[in-house]
$ cat work-v3.txt   # compact mmCIF, C-alpha atoms and all ligand atoms
# COMPACT_ATOMS: atom_id res chain seq x y z
CA MET C 456 2.49 84.99 -22.51
CA VAL C 457 2.86 81.48 -21.05
CA GLU C 458 5.97 81.13 -18.88
CA ASP C 459 8.55 78.43 -19.58
CA GLU C 460 8.66 75.54 -17.11
CA TYR C 461 11.59 73.40 -16.00
CA THR C 462 11.69 69.63 -15.62
CA LEU C 463 14.23 67.05 -14.52
CA VAL C 464 15.17 64.10 -16.72
CA LEU C 465 17.38 61.24 -15.49
CA VAL C 466 18.58 58.67 -18.00
CA LYS C 467 18.76 55.66 -15.70
CA PRO C 468 21.63 53.10 -15.65
CA ASP C 469 19.91 50.80 -18.18
CA GLY C 470 19.37 53.74 -20.58
CA VAL C 471 23.07 54.64 -20.34
CA LYS C 472 24.25 51.00 -20.70
CA THR C 473 22.12 50.41 -23.79
CA ARG C 474 23.52 53.65 -25.29
CA HIS C 475 20.31 55.65 -25.58
CA ILE C 476 21.60 58.93 -24.13
CA GLY C 477 21.85 60.43 -27.62
CA ASP C 478 18.43 59.15 -28.72
CA ILE C 479 16.80 60.69 -25.67
CA ILE C 480 18.53 64.06 -26.08
CA THR C 481 17.59 64.05 -29.78
CA ARG C 482 13.91 63.44 -29.01
CA ILE C 483 13.87 66.26 -26.46
CA GLU C 484 15.61 68.71 -28.78
CA ARG C 485 13.70 67.64 -31.90
CA LYS C 486 10.52 68.63 -30.07
CA GLY C 487 11.97 72.10 -29.53
CA TYR C 488 12.76 71.92 -25.81
CA ARG C 489 15.98 73.36 -24.45
CA ILE C 490 18.62 71.44 -22.47
CA GLU C 491 19.58 73.93 -19.73
CA ALA C 492 22.02 71.69 -17.81
CA LEU C 493 23.45 68.21 -18.40
CA LYS C 494 25.84 65.92 -16.52
CA MET C 495 26.83 62.31 -15.83
CA ILE C 496 26.24 61.36 -12.23
CA ASN C 497 27.14 58.46 -9.96
CA ALA C 498 24.11 58.67 -7.70
CA THR C 499 24.65 58.40 -3.94
CA GLU C 500 22.30 56.77 -1.46
CA ASP C 501 21.64 60.19 0.07
CA GLU C 502 20.62 61.76 -3.26
CA LEU C 503 18.39 58.77 -4.08
CA GLU C 504 16.71 58.85 -0.66
CA ARG C 505 15.88 62.52 -1.17
CA HIS C 506 14.75 62.02 -4.77
CA TYR C 507 12.56 58.97 -3.99
CA TYR C 508 11.50 60.18 -0.51
CA ASP C 509 8.03 58.64 -1.01
CA LYS C 510 9.42 55.23 -2.04
CA THR C 511 11.86 54.56 0.83
CA ASP C 512 9.23 52.60 2.80
CA LYS C 513 8.23 50.39 -0.16
CA PRO C 514 9.21 46.71 -0.19
CA PHE C 515 11.08 47.25 -3.48
CA TRP C 516 13.15 50.22 -2.16
CA PRO C 517 16.39 48.15 -1.81
CA GLU C 518 16.04 47.09 -5.46
CA ILE C 519 15.59 50.69 -6.61
CA LEU C 520 18.72 51.70 -4.69
CA THR C 521 20.85 48.87 -6.11
CA TYR C 522 19.57 49.51 -9.64
CA MET C 523 20.08 53.28 -9.56
CA MET C 524 23.65 52.80 -8.27
CA GLU C 525 24.70 49.98 -10.63
CA GLY C 526 26.17 52.47 -13.13
CA PRO C 527 26.22 56.14 -14.05
CA ILE C 528 23.06 58.08 -14.84
CA VAL C 529 22.65 61.26 -16.91
CA GLY C 530 20.81 64.21 -15.38
CA MET C 531 19.29 67.02 -17.43
CA VAL C 532 17.30 70.14 -16.72
CA VAL C 533 14.97 70.79 -19.66
CA SER C 534 12.88 73.92 -20.23
CA GLY C 535 9.95 74.92 -22.41
CA THR C 536 6.24 75.64 -22.41
CA ASN C 537 4.30 72.91 -20.60
CA VAL C 538 7.52 70.86 -20.60
CA VAL C 539 6.75 68.89 -17.40
CA GLU C 540 3.64 67.20 -18.80
CA ALA C 541 5.08 66.93 -22.32
CA ILE C 542 8.28 65.13 -21.28
CA HIS C 543 6.39 62.95 -18.79
CA ASN C 544 4.12 61.84 -21.66
CA MET C 545 7.13 61.38 -23.95
CA ALA C 546 8.58 58.92 -21.38
CA GLY C 547 5.51 56.67 -21.49
CA ALA C 548 4.00 54.31 -18.92
CA THR C 549 6.11 53.32 -15.88
CA ASN C 550 6.26 49.70 -17.03
CA PRO C 551 8.16 49.69 -20.35
CA GLY C 552 6.38 46.46 -21.26
CA GLN C 553 3.11 48.40 -21.29
CA ALA C 554 4.42 51.72 -22.63
CA GLU C 555 3.15 52.74 -26.09
CA TRP C 556 5.44 52.46 -29.10
CA GLY C 557 6.74 55.94 -29.87
CA THR C 558 7.41 56.72 -26.22
CA ILE C 559 10.95 56.50 -24.83
CA ARG C 560 10.14 53.55 -22.57
CA GLY C 561 8.03 51.89 -25.28
CA ASP C 562 10.84 52.13 -27.86
CA PHE C 563 13.98 51.63 -25.73
CA GLY C 564 12.69 49.52 -22.84
CA ARG C 565 10.89 46.24 -22.29
CA GLU C 566 9.73 44.16 -19.36
CA TRP C 567 12.55 42.31 -17.57
CA PRO C 568 12.27 39.45 -15.06
CA ASP C 569 12.85 41.93 -12.22
CA GLY C 570 9.68 43.82 -13.17
CA VAL C 571 8.91 47.52 -13.42
CA LEU C 572 12.31 48.54 -12.10
CA ARG C 573 14.35 49.06 -15.30
CA ASN C 574 12.47 51.74 -17.15
CA VAL C 575 15.18 53.75 -18.94
CA ILE C 576 14.25 57.24 -17.77
CA HIS C 577 12.85 59.31 -14.92
CA THR C 578 10.88 62.47 -15.62
CA SER C 579 9.30 64.83 -13.08
CA ASP C 580 5.52 64.59 -12.84
CA THR C 581 4.61 68.06 -11.51
CA VAL C 582 6.09 71.57 -11.70
CA ASP C 583 6.67 71.62 -7.92
CA GLY C 584 8.14 68.12 -7.99
CA ALA C 585 10.51 69.21 -10.76
CA ALA C 586 11.76 72.18 -8.72
CA ARG C 587 12.37 69.89 -5.71
CA GLU C 588 14.19 67.28 -7.82
CA ILE C 589 16.30 69.81 -9.74
CA LYS C 590 17.58 71.15 -6.38
CA ILE C 591 18.80 67.63 -5.46
CA TRP C 592 20.73 66.90 -8.66
CA PHE C 593 21.63 70.44 -9.76
CA PRO C 594 21.89 72.44 -6.49
CA GLU C 595 23.74 75.23 -8.35
CA PHE C 596 21.01 75.62 -11.01
CA LYS C 597 19.48 79.11 -11.29
CA PHE C 598 15.83 79.06 -12.37
N1 LIG Q 1 6.49 47.53 -8.22
C1 LIG Q 1 7.72 48.00 -8.43
N2 LIG Q 1 8.79 47.22 -8.23
C2 LIG Q 1 10.03 47.69 -8.43
N3 LIG Q 1 10.30 48.96 -8.83
C3 LIG Q 1 9.28 49.76 -9.05
C4 LIG Q 1 7.94 49.34 -8.85
N4 LIG Q 1 7.13 50.39 -9.14
C5 LIG Q 1 7.93 51.40 -9.50
N5 LIG Q 1 9.22 51.03 -9.44
C6 LIG Q 1 10.40 51.83 -9.72
O1 LIG Q 1 10.31 52.95 -8.88
C7 LIG Q 1 10.48 54.10 -9.68
C8 LIG Q 1 9.73 55.30 -9.20
O2 LIG Q 1 9.57 56.28 -10.15
P1 LIG Q 1 10.12 56.22 -11.65
O3 LIG Q 1 9.06 56.72 -12.56
O4 LIG Q 1 11.46 56.83 -11.66
O5 LIG Q 1 10.30 54.63 -11.98
C9 LIG Q 1 9.91 53.70 -11.03
C10 LIG Q 1 10.47 52.30 -11.17
O6 LIG Q 1 11.82 52.31 -11.58
$ encode --input "work-v3.txt" --output "structure tokens" --more "lines below"
Ligand SMILES: Nc1ncnc2c1ncn2[C@@H]1O[C@@H]2COP(=O)(O)O[C@H]2[C@H]1O
Amino acid sequence: MVEDEYTLVLVKPDGVKTRHIGDIITRIERKGYRIEALKMINATEDELERHYYDKTDKPFWPEILTYMMEGPIVGMVVSGTNVVEAIHNMAGATNPGQAEWGTIRGDFGREWPDGVLRNVIHTSDTVDGAAREIKIWFPEFKF
């Protein structure tokens, strides 16, 4: 039998402000995945530095920090078979202006003057990455 996987979803500040929390949860559940944990979070600089550890030396790091702290985000742990790849695909391309219709970023996002930054949702891209990220946002979570 194939084991369930766990992934981390963050509805980013633009996704919360444009009131797409419910749409995103519905898409995840409609596909048959399980929400294992869910909370609203005011992200701290420390959490964001750990989450985006490979982005802190990028020129656009200050913009990511400001954006991710401009309002609350929603964190979720989602489980299911092959859920990491499935939810990552459901999110669509990083740039919402290039994301396919039918994906979360393609349907709820668009390109803004400040570029690729505002893209509605974060999803883990590997099983190991998901475990690392879940520990940052849900340190109490039991796998
Ligand atoms: N060139 C860029 N300029 C600004 N922000 C970016 C750029 N590339 C990626 N990002 C942001 O950095 C984030 C890293 O991973 P995410 O998939 O969460 O979504 C990405 C975007 O929000």
$ residues_around --input "work-v3.txt" --residues "Ser534 in chain C" --least-positions-apart "6" --cutoff "6 Å" --atoms "all atoms listed in the file" --output "mmCIF file with C-alpha atoms, in the frame of the given file"
data_model
loop_
_atom_site.group_PDB
_atom_site.id
_atom_site.type_symbol
_atom_site.label_atom_id
_atom_site.label_comp_id
_atom_site.auth_asym_id
_atom_site.auth_seq_id
_atom_site.Cartn_x
_atom_site.Cartn_y
_atom_site.Cartn_z
ATOM 1 C CA GLU C 460 8.660 75.540 -17.110
ATOM 2 C CA TYR C 461 11.590 73.400 -16.000
ATOM 3 C CA TYR C 488 12.760 71.920 -25.810
ATOM 4 C CA ARG C 489 15.980 73.360 -24.450
#
$ atom_distance --input "work-v3.txt" --atom1 "CA of Glu588 in chain C" --atom2 "CA of Gly477 in chain C"
22.3 Å
$ residues_near_ligand --input "work-v3.txt" --ligand "ligand LIG 1 (chain Q)" --cutoff "10 Å" --atoms "all atoms listed in the file" --output "number ranges by chain"
C: 464-467, 506-507, 509-511, 513-520, 522-523, 543, 546-551, 569-580
$ residues_around --input "work-v3.txt" --residues "range 491-499 of chain C" --least-positions-apart "3" --cutoff "6 Å" --atoms "only C-alpha atoms" --output "JSON, numbers by chain"
{"C": [502, 524, 527, 528, 529, 530, 531, 532, 533]}
$ write_last_selection --input "work-v3.txt" --atoms "C-alpha atoms" --output "PDB file, in the coordinates of the input"
ATOM      1  CA  GLU C 502      20.620  61.760  -3.260  1.00  0.00           C
ATOM      2  CA  MET C 524      23.650  52.800  -8.270  1.00  0.00           C
ATOM      3  CA  PRO C 527      26.220  56.140 -14.050  1.00  0.00           C
ATOM      4  CA  ILE C 528      23.060  58.080 -14.840  1.00  0.00           C
ATOM      5  CA  VAL C 529      22.650  61.260 -16.910  1.00  0.00           C
ATOM      6  CA  GLY C 530      20.810  64.210 -15.380  1.00  0.00           C
ATOM      7  CA  MET C 531      19.290  67.020 -17.430  1.00  0.00           C
ATOM      8  CA  VAL C 532      17.300  70.140 -16.720  1.00  0.00           C
ATOM      9  CA  VAL C 533      14.970  70.790 -19.660  1.00  0.00           C
TER      10      VAL C 533
END
$ atom_distance --input "work-v3.txt" --atom1 "CA of Arg560 in chain C" --atom2 "CA of His475 in chain C"
10.8 Å
$ closest_residue --input "work-v3.txt" --among "C:Met456, C:Asn544, C:Gly552, C:Arg482" --to "Pro568 in chain C" --atoms "all atoms listed in the file"
C:Gly552
$ closest_residue --input "work-v3.txt" --among "C:Gly564, C:Arg485, C:Glu525, C:Thr581" --to "Asn537 in chain C" --atoms "all atoms listed in the file"
C:Thr581
$ closest_residue --input "work-v3.txt" --among "C:Asp478, C:Val539, C:Ile589, C:Glu595" --to "Asp459 in chain C" --atoms "only C-alpha atoms"
C:Val539
$ closest_residue --input "work-v3.txt" --among "C:Ile476, C:Asp469, C:Thr462, C:Gly526" --to "Asp583 in chain C" --atoms "all atoms listed in the file"
C:Thr462
$ atom_distance --input "work-v3.txt" --atom1 "CA of Ile483 in chain C" --atom2 "CA of Pro594 in chain C"
22.4 Å
$ decode --input "work-v3.txt" --residues "range 490-503 of chain C" --atoms "N, CA, C and O atoms" --output "PDB file, in the first residue's frame"
ATOM      1  N   ILE C 490      -7.444  17.875   5.406  1.00  0.00           N
ATOM      2  CA  ILE C 490      -6.810  18.970   6.145  1.00  0.00           C
ATOM      3  C   ILE C 490      -6.521  18.431   7.550  1.00  0.00           C
ATOM      4  O   ILE C 490      -7.444  18.117   8.293  1.00  0.00           O
ATOM      5  N   GLU C 491      -5.233  18.311   7.887  1.00  0.00           N
ATOM      6  CA  GLU C 491      -4.838  17.727   9.184  1.00  0.00           C
ATOM      7  C   GLU C 491      -4.689  18.796  10.258  1.00  0.00           C
ATOM      8  O   GLU C 491      -4.823  18.513  11.446  1.00  0.00           O
ATOM      9  N   ALA C 492      -4.339  20.026   9.848  1.00  0.00           N
ATOM     10  CA  ALA C 492      -4.153  21.136  10.785  1.00  0.00           C
ATOM     11  C   ALA C 492      -4.385  22.414   9.999  1.00  0.00           C
ATOM     12  O   ALA C 492      -4.134  22.459   8.790  1.00  0.00           O
ATOM     13  N   LEU C 493      -4.865  23.461  10.694  1.00  0.00           N
ATOM     14  CA  LEU C 493      -5.229  24.708  10.004  1.00  0.00           C
ATOM     15  C   LEU C 493      -5.177  25.856  11.001  1.00  0.00           C
ATOM     16  O   LEU C 493      -5.705  25.732  12.106  1.00  0.00           O
ATOM     17  N   LYS C 494      -4.508  26.956  10.641  1.00  0.00           N
ATOM     18  CA  LYS C 494      -4.550  28.127  11.530  1.00  0.00           C
ATOM     19  C   LYS C 494      -4.200  29.411  10.793  1.00  0.00           C
ATOM     20  O   LYS C 494      -3.493  29.396   9.777  1.00  0.00           O
ATOM     21  N   MET C 495      -4.703  30.548  11.345  1.00  0.00           N
ATOM     22  CA  MET C 495      -4.294  31.862  10.851  1.00  0.00           C
ATOM     23  C   MET C 495      -3.023  32.240  11.582  1.00  0.00           C
ATOM     24  O   MET C 495      -2.887  31.968  12.773  1.00  0.00           O
ATOM     25  N   ILE C 496      -2.112  32.855  10.841  1.00  0.00           N
ATOM     26  CA  ILE C 496      -0.780  33.134  11.382  1.00  0.00           C
ATOM     27  C   ILE C 496      -0.383  34.557  11.003  1.00  0.00           C
ATOM     28  O   ILE C 496      -0.606  34.977   9.861  1.00  0.00           O
ATOM     29  N   ASN C 497       0.211  35.282  11.948  1.00  0.00           N
ATOM     30  CA  ASN C 497       0.915  36.520  11.607  1.00  0.00           C
ATOM     31  C   ASN C 497       2.389  36.152  11.573  1.00  0.00           C
ATOM     32  O   ASN C 497       3.023  35.990  12.628  1.00  0.00           O
ATOM     33  N   ALA C 498       2.920  35.976  10.397  1.00  0.00           N
ATOM     34  CA  ALA C 498       4.278  35.443  10.243  1.00  0.00           C
ATOM     35  C   ALA C 498       5.307  36.396  10.842  1.00  0.00           C
ATOM     36  O   ALA C 498       5.180  37.622  10.722  1.00  0.00           O
ATOM     37  N   THR C 499       6.315  35.837  11.499  1.00  0.00           N
ATOM     38  CA  THR C 499       7.414  36.646  12.034  1.00  0.00           C
ATOM     39  C   THR C 499       8.606  36.558  11.079  1.00  0.00           C
ATOM     40  O   THR C 499       8.703  35.630  10.254  1.00  0.00           O
ATOM     41  N   GLU C 500       9.523  37.518  11.246  1.00  0.00           N
ATOM     42  CA  GLU C 500      10.725  37.527  10.411  1.00  0.00           C
ATOM     43  C   GLU C 500      11.514  36.230  10.602  1.00  0.00           C
ATOM     44  O   GLU C 500      12.028  35.653   9.639  1.00  0.00           O
ATOM     45  N   ASP C 501      11.559  35.760  11.848  1.00  0.00           N
ATOM     46  CA  ASP C 501      12.307  34.537  12.145  1.00  0.00           C
ATOM     47  C   ASP C 501      11.709  33.325  11.411  1.00  0.00           C
ATOM     48  O   ASP C 501      12.431  32.543  10.777  1.00  0.00           O
ATOM     49  N   GLU C 502      10.386  33.191  11.464  1.00  0.00           N
ATOM     50  CA  GLU C 502       9.734  32.067  10.760  1.00  0.00           C
ATOM     51  C   GLU C 502       9.988  32.163   9.251  1.00  0.00           C
ATOM     52  O   GLU C 502      10.277  31.155   8.595  1.00  0.00           O
ATOM     53  N   LEU C 503       9.890  33.389   8.714  1.00  0.00           N
ATOM     54  CA  LEU C 503      10.064  33.560   7.267  1.00  0.00           C
ATOM     55  C   LEU C 503      11.497  33.306   6.842  1.00  0.00           C
ATOM     56  O   LEU C 503      11.757  32.710   5.789  1.00  0.00           O
TER      57      LEU C 503
END
